[in-house]
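Undergrad: Data: work.cif, mmCIF, C-alpha atoms and all ligand atoms.
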data_work
#
loop_
_atom_site.group_PDB
_atom_site.id
_atom_site.type_symbol
_atom_site.label_atom_id
_atom_site.label_comp_id
_atom_site.auth_asym_id
_atom_site.auth_seq_id
_atom_site.Cartn_x
_atom_site.Cartn_y
_atom_site.Cartn_z
ATOM 1 C CA MET A 1 60.288 -81.631 163.509
ATOM 2 C CA GLN A 2 58.263 -78.539 164.247
ATOM 3 C CA ARG A 3 55.485 -78.285 161.704
ATOM 4 C CA LEU A 4 54.622 -74.563 161.697
ATOM 5 C CA SER A 5 56.627 -72.845 159.015
ATOM 6 C CA ARG A 6 57.300 -69.148 158.378
ATOM 7 C CA SER A 7 54.135 -68.474 160.173
ATOM 8 C CA THR A 8 52.656 -67.434 163.423
ATOM 9 C CA ARG A 9 55.665 -66.730 165.562
ATOM 10 C CA SER A 10 57.370 -64.446 163.080
ATOM 11 C CA LEU A 11 54.080 -62.835 162.186
ATOM 12 C CA LYS A 12 53.456 -61.650 165.701
ATOM 13 C CA LEU A 13 56.277 -59.229 165.082
ATOM 14 C CA ARG A 14 54.778 -57.815 161.951
ATOM 15 C CA PRO A 15 52.647 -54.727 162.505
ATOM 16 C CA THR A 16 50.621 -55.293 159.328
ATOM 17 C CA HIS A 17 49.088 -58.356 160.929
ATOM 18 C CA CYS A 18 47.736 -56.453 163.898
ATOM 19 C CA PHE A 19 44.509 -55.523 162.092
ATOM 20 C CA THR A 20 41.518 -56.843 163.905
ATOM 21 C CA ARG A 21 38.850 -55.195 161.780
ATOM 22 C CA LEU A 22 38.361 -54.367 158.169
ATOM 23 C CA ASN A 23 37.281 -50.844 157.612
ATOM 24 C CA HIS A 24 35.418 -51.058 154.325
ATOM 25 C CA THR A 25 34.917 -47.334 154.155
ATOM 26 C CA LYS A 26 38.611 -47.121 153.339
ATOM 27 C CA VAL A 27 38.263 -49.144 150.138
ATOM 28 C CA GLN A 28 39.597 -46.796 147.484
ATOM 29 C CA GLN A 29 38.294 -46.655 143.971
ATOM 30 C CA PRO A 30 40.877 -46.447 141.205
ATOM 31 C CA SER A 31 42.095 -42.918 140.692
ATOM 32 C CA LYS A 32 40.937 -41.145 137.521
ATOM 33 C CA ASP A 33 44.416 -40.779 136.082
ATOM 34 C CA ALA A 34 45.154 -44.476 136.549
ATOM 35 C CA SER A 35 42.903 -45.517 133.711
ATOM 36 C CA SER A 36 45.181 -48.463 132.923
ATOM 37 C CA THR A 37 44.861 -49.914 136.467
ATOM 38 C CA ARG A 38 43.384 -53.392 136.292
ATOM 39 C CA THR A 39 40.440 -53.886 138.583
ATOM 40 C CA THR A 40 38.725 -56.835 140.182
ATOM 41 C CA SER A 41 35.755 -57.503 142.408
ATOM 42 C CA PHE A 42 35.930 -57.414 146.156
ATOM 43 C CA GLY A 43 32.431 -58.606 146.895
ATOM 44 C CA PHE A 44 30.234 -56.144 144.994
ATOM 45 C CA LYS A 45 32.899 -53.435 145.062
ATOM 46 C CA THR A 46 35.405 -52.870 142.296
ATOM 47 C CA VAL A 47 38.960 -52.406 143.515
ATOM 48 C CA PRO A 48 42.404 -52.259 141.887
ATOM 49 C CA GLU A 49 43.727 -55.817 141.572
ATOM 50 C CA GLU A 50 46.711 -55.165 143.779
ATOM 51 C CA MET A 51 44.455 -54.163 146.674
ATOM 52 C CA LYS A 52 42.283 -57.255 146.809
ATOM 53 C CA GLU A 53 44.791 -59.508 148.510
ATOM 54 C CA SER A 54 45.257 -57.237 151.497
ATOM 55 C CA LEU A 55 41.512 -56.606 151.763
ATOM 56 C CA VAL A 56 40.870 -60.364 151.818
ATOM 57 C CA LYS A 57 43.648 -60.790 154.363
ATOM 58 C CA ASN A 58 42.005 -58.209 156.579
ATOM 59 C CA VAL A 59 38.663 -60.003 156.350
ATOM 60 C CA PHE A 60 40.203 -63.247 157.582
ATOM 61 C CA ASP A 61 42.290 -61.470 160.225
ATOM 62 C CA SER A 62 39.031 -60.123 161.488
ATOM 63 C CA VAL A 63 37.068 -63.367 161.455
ATOM 64 C CA ALA A 64 39.861 -65.839 162.403
ATOM 65 C CA SER A 65 39.144 -66.230 166.113
ATOM 66 C CA LYS A 66 35.419 -66.695 165.529
ATOM 67 C CA TYR A 67 35.688 -68.481 162.189
ATOM 68 C CA ASP A 68 34.703 -71.989 163.324
ATOM 69 C CA LEU A 69 31.877 -70.750 165.535
ATOM 70 C CA MET A 70 30.532 -68.513 162.792
ATOM 71 C CA ASN A 71 30.724 -71.283 160.205
ATOM 72 C CA ASP A 72 28.545 -73.453 162.413
ATOM 73 C CA ALA A 73 26.143 -70.608 163.196
ATOM 74 C CA THR A 74 25.674 -69.270 159.668
ATOM 75 C CA SER A 75 25.288 -72.683 158.041
ATOM 76 C CA PHE A 76 23.560 -74.407 160.992
ATOM 77 C CA GLY A 77 26.410 -76.886 160.859
ATOM 78 C CA VAL A 78 25.764 -77.790 157.218
ATOM 79 C CA HIS A 79 29.343 -76.894 156.209
ATOM 80 C CA ARG A 80 30.390 -79.966 158.223
ATOM 81 C CA ILE A 81 28.205 -82.211 156.060
ATOM 82 C CA TRP A 82 29.625 -80.687 152.868
ATOM 83 C CA LYS A 83 33.193 -81.065 154.101
ATOM 84 C CA ASP A 84 32.621 -84.658 155.266
ATOM 85 C CA SER A 85 31.174 -85.616 151.921
ATOM 86 C CA PHE A 86 33.907 -83.714 150.035
ATOM 87 C CA VAL A 87 36.653 -85.662 151.812
ATOM 88 C CA ALA A 88 34.764 -88.973 151.674
ATOM 89 C CA SER A 89 34.415 -88.558 147.897
ATOM 90 C CA LEU A 90 38.218 -88.351 147.632
ATOM 91 C CA ARG A 91 38.795 -91.456 149.784
ATOM 92 C CA PRO A 92 42.257 -90.356 150.923
ATOM 93 C CA GLY A 93 44.490 -93.301 151.725
ATOM 94 C CA ARG A 94 42.671 -95.869 149.665
ATOM 95 C CA ARG A 95 45.697 -96.521 147.473
ATOM 96 C CA GLY A 96 48.190 -96.131 150.284
ATOM 97 C CA PRO A 97 49.578 -93.050 152.003
ATOM 98 C CA MET A 98 49.139 -89.799 150.082
ATOM 99 C CA LYS A 99 50.972 -86.524 150.021
ATOM 100 C CA CYS A 100 48.286 -83.843 150.207
ATOM 101 C CA ILE A 101 48.249 -80.067 150.077
ATOM 102 C CA ASP A 102 45.232 -78.164 151.401
ATOM 103 C CA VAL A 103 45.316 -74.615 150.083
ATOM 104 C CA GLY A 104 43.419 -71.818 151.837
ATOM 105 C CA GLY A 105 43.219 -74.412 154.580
ATOM 106 C CA GLY A 106 42.521 -71.873 157.331
ATOM 107 C CA THR A 107 41.744 -73.580 160.616
ATOM 108 C CA GLY A 108 42.397 -77.039 159.216
ATOM 109 C CA ASP A 109 38.874 -78.421 158.713
ATOM 110 C CA ILE A 110 39.752 -80.288 155.530
ATOM 111 C CA ALA A 111 43.203 -81.403 156.683
ATOM 112 C CA LEU A 112 41.773 -82.950 159.829
ATOM 113 C CA ARG A 113 39.113 -84.787 157.861
ATOM 114 C CA ILE A 114 41.688 -86.112 155.377
ATOM 115 C CA LEU A 115 43.886 -87.491 158.146
ATOM 116 C CA ASP A 116 40.940 -88.923 160.088
ATOM 117 C CA TYR A 117 39.495 -90.521 156.968
ATOM 118 C CA ALA A 118 42.792 -92.193 156.052
ATOM 119 C CA LYS A 119 43.244 -93.432 159.617
ATOM 120 C CA ASP A 120 39.675 -94.595 160.203
ATOM 121 C CA HIS A 121 39.181 -96.334 156.846
ATOM 122 C CA TYR A 122 42.640 -97.594 155.964
ATOM 123 C CA TYR A 123 44.615 -97.542 159.259
ATOM 124 C CA ASP A 124 46.855 -95.082 157.434
ATOM 125 C CA ARG A 125 49.046 -92.947 159.690
ATOM 126 C CA GLU A 126 51.436 -91.937 156.929
ATOM 127 C CA THR A 127 49.292 -89.710 154.754
ATOM 128 C CA THR A 128 50.475 -86.120 155.159
ATOM 129 C CA VAL A 129 48.722 -82.775 154.704
ATOM 130 C CA GLU A 130 50.424 -79.437 154.266
ATOM 131 C CA VAL A 131 48.004 -76.654 155.167
ATOM 132 C CA ILE A 132 48.637 -73.476 153.207
ATOM 133 C CA ASP A 133 47.072 -70.111 153.892
ATOM 134 C CA ILE A 134 47.833 -66.498 153.134
ATOM 135 C CA ASN A 135 46.607 -65.505 156.555
ATOM 136 C CA ALA A 136 48.728 -66.143 159.629
ATOM 137 C CA GLN A 137 45.833 -65.672 162.044
ATOM 138 C CA MET A 138 43.841 -68.447 160.403
ATOM 139 C CA LEU A 139 46.886 -70.738 160.457
ATOM 140 C CA LYS A 140 47.421 -69.931 164.093
ATOM 141 C CA GLU A 141 43.883 -71.062 164.895
ATOM 142 C CA GLY A 142 44.487 -74.251 162.912
ATOM 143 C CA TYR A 143 47.758 -74.932 164.664
ATOM 144 C CA LYS A 144 46.104 -74.443 168.084
ATOM 145 C CA ARG A 145 43.358 -76.825 167.104
ATOM 146 C CA PHE A 146 45.741 -79.543 165.904
ATOM 147 C CA LYS A 147 47.532 -79.340 169.245
ATOM 148 C CA GLN A 148 44.527 -81.183 170.670
ATOM 149 C CA THR A 149 44.866 -84.017 168.158
ATOM 150 C CA MET A 150 47.084 -87.079 167.765
ATOM 151 C CA TYR A 151 48.594 -85.486 164.658
ATOM 152 C CA HIS A 152 50.296 -82.662 166.522
ATOM 153 C CA ASN A 153 54.082 -82.821 166.317
ATOM 154 C CA THR A 154 53.990 -85.605 163.760
ATOM 155 C CA PRO A 155 55.103 -85.437 160.119
ATOM 156 C CA GLN A 156 51.443 -85.838 159.137
ATOM 157 C CA ILE A 157 50.570 -82.159 159.481
ATOM 158 C CA SER A 158 52.319 -78.873 158.814
ATOM 159 C CA PHE A 159 51.229 -75.260 158.352
ATOM 160 C CA HIS A 160 52.681 -72.805 155.854
ATOM 161 C CA GLU A 161 51.988 -69.210 155.012
ATOM 162 C CA ALA A 162 51.823 -68.793 151.234
ATOM 163 C CA ASN A 163 49.701 -67.386 148.447
ATOM 164 C CA ALA A 164 47.643 -69.885 146.435
ATOM 165 C CA GLN A 165 48.442 -67.915 143.287
ATOM 166 C CA ASP A 166 52.167 -68.345 143.704
ATOM 167 C CA LEU A 167 53.132 -70.996 146.218
ATOM 168 C CA GLY A 168 56.798 -70.684 145.342
ATOM 169 C CA THR A 169 58.751 -73.265 143.374
ATOM 170 C CA GLU A 170 61.504 -73.561 145.967
ATOM 171 C CA LYS A 171 59.334 -74.918 148.733
ATOM 172 C CA PHE A 172 56.420 -76.345 146.763
ATOM 173 C CA LYS A 173 58.059 -78.325 144.029
ATOM 174 C CA ASP A 174 56.640 -79.327 140.663
ATOM 175 C CA ASN A 175 54.938 -82.722 140.412
ATOM 176 C CA SER A 176 55.057 -83.435 144.127
ATOM 177 C CA TYR A 177 51.520 -83.959 145.519
ATOM 178 C CA ASP A 178 48.944 -86.708 145.062
ATOM 179 C CA LEU A 179 46.006 -84.578 146.153
ATOM 180 C CA TYR A 180 45.384 -80.827 146.078
ATOM 181 C CA THR A 181 42.318 -79.605 147.983
ATOM 182 C CA ILE A 182 40.946 -76.085 148.227
ATOM 183 C CA ALA A 183 37.740 -75.388 150.156
ATOM 184 C CA PHE A 184 35.887 -72.071 150.245
ATOM 185 C CA CYS A 185 39.092 -70.224 149.350
ATOM 186 C CA ILE A 186 39.391 -69.835 145.600
ATOM 187 C CA ARG A 187 36.616 -67.256 145.271
ATOM 188 C CA ASN A 188 38.677 -64.977 147.511
ATOM 189 C CA CYS A 189 41.699 -65.107 145.223
ATOM 190 C CA THR A 190 42.396 -62.275 142.809
ATOM 191 C CA ASP A 191 43.515 -64.496 139.941
ATOM 192 C CA ILE A 192 41.654 -67.807 139.862
ATOM 193 C CA SER A 193 43.502 -68.986 136.752
ATOM 194 C CA ALA A 194 46.836 -68.468 138.494
ATOM 195 C CA VAL A 195 45.630 -70.609 141.427
ATOM 196 C CA LEU A 196 44.603 -73.392 139.046
ATOM 197 C CA LYS A 197 47.921 -73.178 137.234
ATOM 198 C CA GLU A 198 49.801 -73.519 140.528
ATOM 199 C CA ALA A 199 47.617 -76.481 141.511
ATOM 200 C CA HIS A 200 48.486 -78.134 138.213
ATOM 201 C CA ARG A 201 52.180 -77.398 138.663
ATOM 202 C CA VAL A 202 52.502 -78.933 142.137
ATOM 203 C CA LEU A 203 50.392 -82.049 141.471
ATOM 204 C CA LYS A 204 52.016 -85.246 140.236
ATOM 205 C CA PRO A 205 50.779 -86.577 136.903
ATOM 206 C CA GLY A 206 47.660 -88.541 137.821
ATOM 207 C CA GLY A 207 47.147 -86.364 140.916
ATOM 208 C CA THR A 208 43.723 -85.010 141.831
ATOM 209 C CA PHE A 209 42.567 -81.409 142.084
ATOM 210 C CA ALA A 210 39.435 -81.001 144.217
ATOM 211 C CA CYS A 211 37.674 -77.759 145.030
ATOM 212 C CA LEU A 212 34.728 -77.238 147.388
ATOM 213 C CA GLU A 213 33.201 -73.807 146.873
ATOM 214 C CA PHE A 214 29.906 -71.982 147.019
ATOM 215 C CA SER A 215 28.311 -71.933 143.608
ATOM 216 C CA ARG A 216 25.112 -71.246 141.650
ATOM 217 C CA VAL A 217 21.775 -72.502 142.859
ATOM 218 C CA ASN A 218 19.781 -74.072 140.050
ATOM 219 C CA ASN A 219 16.277 -73.825 141.508
ATOM 220 C CA PRO A 220 14.592 -70.373 141.405
ATOM 221 C CA LEU A 221 12.657 -70.872 144.650
ATOM 222 C CA LEU A 222 15.711 -72.150 146.514
ATOM 223 C CA GLU A 223 17.721 -69.277 145.022
ATOM 224 C CA MET A 224 15.241 -66.691 146.294
ATOM 225 C CA LEU A 225 15.200 -68.161 149.817
ATOM 226 C CA TYR A 226 18.969 -68.541 149.823
ATOM 227 C CA ASP A 227 19.460 -64.929 148.679
ATOM 228 C CA GLN A 228 17.176 -63.614 151.394
ATOM 229 C CA TYR A 229 18.911 -65.678 154.027
ATOM 230 C CA SER A 230 22.406 -64.757 152.832
ATOM 231 C CA PHE A 231 21.934 -61.027 152.509
ATOM 232 C CA SER A 232 19.877 -60.409 155.631
ATOM 233 C CA VAL A 233 20.650 -63.130 158.155
ATOM 234 C CA ILE A 234 24.370 -63.771 157.650
ATOM 235 C CA PRO A 235 25.565 -60.146 157.979
ATOM 236 C CA LEU A 236 23.253 -59.788 160.994
ATOM 237 C CA MET A 237 24.796 -62.857 162.616
ATOM 238 C CA GLY A 238 28.194 -61.368 161.826
ATOM 239 C CA THR A 239 27.196 -58.279 163.776
ATOM 240 C CA ILE A 240 25.727 -60.119 166.742
ATOM 241 C CA LEU A 241 28.146 -63.008 167.150
ATOM 242 C CA ALA A 242 31.391 -61.546 165.850
ATOM 243 C CA GLY A 243 30.803 -57.782 166.020
ATOM 244 C CA ASP A 244 31.692 -57.580 162.342
ATOM 245 C CA ARG A 245 29.012 -56.984 159.735
ATOM 246 C CA GLU A 246 31.254 -55.911 156.849
ATOM 247 C CA SER A 247 33.372 -59.065 156.691
ATOM 248 C CA TYR A 248 30.281 -61.261 156.521
ATOM 249 C CA GLN A 249 28.703 -58.966 153.947
ATOM 250 C CA TYR A 250 31.846 -59.409 151.832
ATOM 251 C CA LEU A 251 31.777 -63.194 152.223
ATOM 252 C CA VAL A 252 28.193 -63.334 150.960
ATOM 253 C CA GLU A 253 28.854 -60.947 148.074
ATOM 254 C CA SER A 254 31.961 -62.848 147.000
ATOM 255 C CA ILE A 255 29.857 -65.980 146.507
ATOM 256 C CA ARG A 256 27.691 -64.193 143.934
ATOM 257 C CA LYS A 257 30.754 -62.999 142.010
ATOM 258 C CA PHE A 258 32.255 -66.471 141.646
ATOM 259 C CA PRO A 259 31.927 -68.073 138.168
ATOM 260 C CA PRO A 260 29.069 -70.558 137.769
ATOM 261 C CA GLN A 261 29.687 -74.297 137.486
ATOM 262 C CA VAL A 262 30.169 -74.534 133.687
ATOM 263 C CA GLN A 263 32.510 -71.584 133.520
ATOM 264 C CA PHE A 264 34.626 -72.752 136.441
ATOM 265 C CA ALA A 265 34.847 -76.268 134.970
ATOM 266 C CA GLN A 266 36.221 -74.724 131.773
ATOM 267 C CA MET A 267 38.813 -72.769 133.763
ATOM 268 C CA ILE A 268 39.933 -76.039 135.370
ATOM 269 C CA ARG A 269 40.337 -77.632 131.941
ATOM 270 C CA ASP A 270 42.154 -74.543 130.661
ATOM 271 C CA ALA A 271 44.698 -75.076 133.449
ATOM 272 C CA GLY A 272 45.425 -78.525 132.005
ATOM 273 C CA PHE A 273 43.186 -80.836 134.024
ATOM 274 C CA ALA A 274 40.929 -83.533 132.634
ATOM 275 C CA THR A 275 37.399 -83.300 134.011
ATOM 276 C CA GLY A 276 34.142 -85.124 133.526
ATOM 277 C CA LYS A 277 31.415 -83.782 131.226
ATOM 278 C CA ASP A 278 29.737 -80.442 131.901
ATOM 279 C CA VAL A 279 26.910 -81.860 133.955
ATOM 280 C CA ASP A 280 26.138 -82.249 137.629
ATOM 281 C CA GLY A 281 27.772 -85.570 138.504
ATOM 282 C CA GLY A 282 30.446 -85.025 135.817
ATOM 283 C CA ALA A 283 32.895 -82.127 136.023
ATOM 284 C CA TRP A 284 31.184 -81.046 139.248
ATOM 285 C CA GLU A 285 28.932 -82.393 141.960
ATOM 286 C CA ASN A 286 26.382 -79.980 143.375
ATOM 287 C CA GLN A 287 25.666 -80.033 147.085
ATOM 288 C CA TRP A 288 22.284 -78.827 148.236
ATOM 289 C CA GLY A 289 21.119 -77.674 144.811
ATOM 290 C CA GLY A 290 24.362 -75.869 144.020
ATOM 291 C CA ILE A 291 24.666 -73.813 147.225
ATOM 292 C CA ALA A 292 28.009 -75.547 147.427
ATOM 293 C CA CYS A 293 29.724 -77.541 144.730
ATOM 294 C CA VAL A 294 32.695 -79.862 144.321
ATOM 295 C CA HIS A 295 34.739 -79.472 141.143
ATOM 296 C CA SER A 296 37.455 -81.956 140.409
ATOM 297 C CA GLY A 297 40.057 -82.684 137.778
ATOM 298 C CA VAL A 298 42.996 -84.973 137.171
ATOM 299 C CA LYS A 299 46.422 -83.893 135.995
ATOM 300 C CA LEU A 300 47.258 -85.902 132.923
HETATM 301 C C1 LIG B 1 36.499 -69.254 153.995
HETATM 302 S S1 LIG B 1 38.101 -69.691 154.541
HETATM 303 C C2 LIG B 1 38.099 -71.442 154.302
HETATM 304 C C3 LIG B 1 39.003 -72.150 155.262
HETATM 305 C C4 LIG B 1 38.947 -73.688 155.177
HETATM 306 N N1 LIG B 1 39.400 -74.162 153.881
HETATM 307 C C5 LIG B 1 37.560 -74.192 155.443
HETATM 308 O O1 LIG B 1 36.957 -74.749 154.531
HETATM 309 O O2 LIG B 1 37.070 -74.025 156.561
HETATM 310 C C6 LIG B 1 39.107 -69.113 153.198
HETATM 311 C C7 LIG B 1 40.585 -69.171 153.515
HETATM 312 O O3 LIG B 1 41.297 -68.871 152.326
HETATM 313 C C8 LIG B 1 42.409 -68.076 152.687
HETATM 314 N N2 LIG B 1 42.871 -67.349 151.492
HETATM 315 C C9 LIG B 1 42.268 -66.327 150.847
HETATM 316 N N3 LIG B 1 42.987 -65.936 149.789
HETATM 317 C C10 LIG B 1 44.082 -66.748 149.751
HETATM 318 C C11 LIG B 1 45.204 -66.852 148.897
HETATM 319 N N4 LIG B 1 45.363 -66.032 147.844
HETATM 320 N N5 LIG B 1 46.136 -67.784 149.172
HETATM 321 C C12 LIG B 1 46.002 -68.626 150.219
HETATM 322 N N6 LIG B 1 44.956 -68.572 151.074
HETATM 323 C C13 LIG B 1 44.004 -67.645 150.846
HETATM 324 C C14 LIG B 1 41.881 -67.179 153.782
HETATM 325 O O4 LIG B 1 42.908 -66.604 154.535
HETATM 326 C C15 LIG B 1 41.014 -68.168 154.559
HETATM 327 O O5 LIG B 1 41.732 -68.808 155.571
#
What's the structure tokens form of this structure?
Ligand SMILES: C[S@@+](CC[C@H](N)C(=O)[O-])C[C@H]1O[C@@H](n2cnc3c(N)ncnc32)[C@H](O)[C@@H]1O
TA:
Amino acid sequence: MQRLSRSTRSLKLRPTHCFTRLNHTKVQQPSKDASSTRTTSFGFKTVPEEMKESLVKNVFDSVASKYDLMNDATSFGVHRIWKDSFVASLRPGRRGPMKCIDVGGGTGDIALRILDYAKDHYYDRETTVEVIDINAQMLKEGYKRFKQTMYHNTPQISFHEANAQDLGTEKFKDNSYDLYTIAFCIRNCTDISAVLKEAHRVLKPGGTFACLEFSRVNNPLLEMLYDQYSFSVIPLMGTILAGDRESYQYLVESIRKFPPQVQFAQMIRDAGFATGKDVDGGAWENQWGGIACVHSGVKL
């Protein structure tokens, strides 16, 4: 069975997906007469809520082909350590084959680690991962990458274009997954609560929600160094390596707009999950002093 759904082939025909760059100068501010328009952050800019999704889409259209290279360059490969430890902490396959959904899965970094972990630790070749992303270009890169792996053309992996906020009840049924992962995606979503609600809906009772995301650094010296690095070096690397300063500027800004650990943990509980206590090592697990952070919860 072909495992690339509603995605890259059909999208090639869609002119809206031909953007290669995001022109941030075109970001409109809400018009004066639309005083009731709800707004949200797009990095440090304020935009009408309904615009954010397409702006985020454009960012990832722009960065898709260089995404893996840029991830390695901007983090000096550290994102690999975070992702390895994220997946290892979930121990996929330890209680037998799992049905997993990786939302905002992009080029498949987490999906590949889940499948490798299950195979390498438990000889499990039945765990499945459905990679979901709003952006067809990112999925296309993931699909290409999986073509080089043993999982290609097996029921273990599939790619689907969908919005984390509303996956769709037809295709993504209630109470159907053992594990829901979301890595470095949720801060890009317009309505974080809606994403959490969807995660809760699709997980089976007892299923695990696990989110890897940039978060708040808890050491003032580290914070100062991290800020300097993020705001000067990363956009510069974006310019040099990908010819795209604005997208990388947005990615850095969006990190600072994301709710801190305690607040995000509360949002996870509000969606119906049980979490640990509000301490590092409880409801969340900081990585590198909070530069990144894993939040998890269980659907009761
Ligand atoms: C920074 S990338 C992370 C990709 C991958 N999870 C990783 O860790 O390498 C964020 C991904 O989230 C996707 N994304 C953003 N908003 C989304 C939404 N509302 N629904 C689904 N995917 C979304 C983007 O298209 C992008 O592929």
Undergrad: Write out, as a tab-separated table, each residue of chain A that has an atom at most 9 Å from ligand LIG 1 (chain B), together with the closest pair of atoms and their distance in Å to one decimal, counting all atoms listed in the file, rows going by chain and rising number.
TA:
residue	atom	partner	partner_atom	distance
A:Glu53	CA	B:LIG1	N4	6.6
A:Val56	CA	B:LIG1	C9	6.2
A:Lys57	CA	B:LIG1	O4	5.9
A:Asn58	CA	B:LIG1	O4	8.7
A:Val59	CA	B:LIG1	O4	8.1
A:Phe60	CA	B:LIG1	O4	5.3
A:Asp61	CA	B:LIG1	O4	7.7
A:Ala64	CA	B:LIG1	O5	7.7
A:Tyr67	CA	B:LIG1	O2	8.0
A:Asp68	CA	B:LIG1	O2	7.4
A:Asn71	CA	B:LIG1	O2	7.8
A:His79	CA	B:LIG1	O1	8.1
A:Lys83	CA	B:LIG1	O1	7.4
A:Asp102	CA	B:LIG1	N1	7.5
A:Val103	CA	B:LIG1	C12	6.0
A:Gly104	CA	B:LIG1	O3	3.7
A:Gly105	CA	B:LIG1	N1	3.9
A:Gly106	CA	B:LIG1	O5	3.6
A:Thr107	CA	B:LIG1	C4	6.1
A:Gly108	CA	B:LIG1	C4	6.3
A:Asp109	CA	B:LIG1	O2	5.2
A:Ile110	CA	B:LIG1	O1	6.3
A:Ala111	CA	B:LIG1	N1	8.6
A:Ile132	CA	B:LIG1	C12	6.3
A:Asp133	CA	B:LIG1	N6	3.8
A:Ile134	CA	B:LIG1	C12	4.0
A:Asn135	CA	B:LIG1	O4	4.4
A:Ala136	CA	B:LIG1	O4	7.7
A:Gln137	CA	B:LIG1	O4	8.1
A:Met138	CA	B:LIG1	O5	5.3
A:Leu139	CA	B:LIG1	O5	7.4
A:Glu161	CA	B:LIG1	C12	7.7
A:Ala162	CA	B:LIG1	C12	5.9
A:Asn163	CA	B:LIG1	N5	3.7
A:Ala164	CA	B:LIG1	N5	3.8
A:Gln165	CA	B:LIG1	N4	5.8
A:Asp166	CA	B:LIG1	N5	8.2
A:Leu167	CA	B:LIG1	N5	8.2
A:Thr181	CA	B:LIG1	N1	8.5
A:Ile182	CA	B:LIG1	N1	6.2
A:Ala183	CA	B:LIG1	N1	4.3
A:Phe184	CA	B:LIG1	C2	4.7
A:Cys185	CA	B:LIG1	O3	3.9
A:Ile186	CA	B:LIG1	N3	6.8
A:Arg187	CA	B:LIG1	N3	7.9
A:Asn188	CA	B:LIG1	N3	5.0
A:Cys189	CA	B:LIG1	N4	4.6
A:Thr190	CA	B:LIG1	N4	6.9
A:Asp191	CA	B:LIG1	N4	8.3
A:Ile192	CA	B:LIG1	N4	9.0
A:Val195	CA	B:LIG1	N4	7.9
A:Leu212	CA	B:LIG1	O1	7.9
A:Glu213	CA	B:LIG1	O1	8.6
A:Leu251	CA	B:LIG1	C1	7.9
Undergrad: For stretch 241-251 of chain A, I'd like the enclosing box, axis-aligned and padded by 8 Å on every side, reported as AutoDock Vina command-line options with centre and edge lengths in Å to one decimal.
TA:
--center_x 30.8 --center_y -59.6 --center_z 159.5 --size_x 21.2 --size_y 23.3 --size_z 31.3
Undergrad: On this structure, the PyMOL selection byres (((chain A and resi 218) around 9) and not hetatm) would catch which residues? List them as a list in words, sorted by chain and number.
TA: Arg216, Val217, Asn219, Pro220, Leu222, Glu223, Gly289, Gly290 and Ile291 of chain A
Undergrad: Could you give me, as a tab-separated table, a per-residue list for stretch 153-236 of chain A showing, wherever an atom lies at most 10 Å from an atom of stretch 119-125 of chain A, the closest pair of atoms and their distance in Å to one decimal, using only C-alpha atoms and sorting by chain then residue number from low to high?
TA:
residue	atom	partner	partner_atom	distance
A:Thr154	CA	A:Arg125	CA	9.7
A:Pro155	CA	A:Arg125	CA	9.7
A:Gln156	CA	A:Arg125	CA	7.5
Undergrad: Point out the residue among A:Lys52, A:Leu196, A:Asp72, A:Arg269 with the least atom-to-atom distance to A:Thr40, counting only C-alpha atoms.
TA: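 Among the listed residues, A:Lys52 lies closest to A:Thr40.
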Undergrad: Quick one: apply the PyMOL selection byres (((chain A and resi 46) around 12) and not hetatm) to the file and drop the selected residues here as number ranges by chain.
TA: A: 27-30, 37-45, 47-52, 55, 190, 253-254, 257
Undergrad: Keeping only C-alpha atoms, write those residues as a PDB file, in the coordinates of the input.
TA:
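Below is the file result28.pdb, written as the result:
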ATOM      1  CA  VAL A  27      38.263 -49.144 150.138  1.00  0.00           C
ATOM      2  CA  GLN A  28      39.597 -46.796 147.484  1.00  0.00           C
ATOM      3  CA  GLN A  29      38.294 -46.655 143.971  1.00  0.00           C
ATOM      4  CA  PRO A  30      40.877 -46.447 141.205  1.00  0.00           C
ATOM      5  CA  THR A  37      44.861 -49.914 136.467  1.00  0.00           C
ATOM      6  CA  ARG A  38      43.384 -53.392 136.292  1.00  0.00           C
ATOM      7  CA  THR A  39      40.440 -53.886 138.583  1.00  0.00           C
ATOM      8  CA  THR A  40      38.725 -56.835 140.182  1.00  0.00           C
ATOM      9  CA  SER A  41      35.755 -57.503 142.408  1.00  0.00           C
ATOM     10  CA  PHE A  42      35.930 -57.414 146.156  1.00  0.00           C
ATOM     11  CA  GLY A  43      32.431 -58.606 146.895  1.00  0.00           C
ATOM     12  CA  PHE A  44      30.234 -56.144 144.994  1.00  0.00           C
ATOM     13  CA  LYS A  45      32.899 -53.435 145.062  1.00  0.00           C
ATOM     14  CA  VAL A  47      38.960 -52.406 143.515  1.00  0.00           C
ATOM     15  CA  PRO A  48      42.404 -52.259 141.887  1.00  0.00           C
ATOM     16  CA  GLU A  49      43.727 -55.817 141.572  1.00  0.00           C
ATOM     17  CA  GLU A  50      46.711 -55.165 143.779  1.00  0.00           C
ATOM     18  CA  MET A  51      44.455 -54.163 146.674  1.00  0.00           C
ATOM     19  CA  LYS A  52      42.283 -57.255 146.809  1.00  0.00           C
ATOM     20  CA  LEU A  55      41.512 -56.606 151.763  1.00  0.00           C
ATOM     21  CA  THR A 190      42.396 -62.275 142.809  1.00  0.00           C
ATOM     22  CA  GLU A 253      28.854 -60.947 148.074  1.00  0.00           C
ATOM     23  CA  SER A 254      31.961 -62.848 147.000  1.00  0.00           C
ATOM     24  CA  LYS A 257      30.754 -62.999 142.010  1.00  0.00           C
TER      25      LYS A 257
END
Undergrad: Let me make sure I understand: among A:His160, A:Ala210, A:Phe146, A:Pro259, which one has the smallest atom-to-atom distance to A:Ala88 if we use only C-alpha atoms?
TA: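 Using only C-alpha atoms, the shortest distance to A:Ala88 belongs to A:Ala210.
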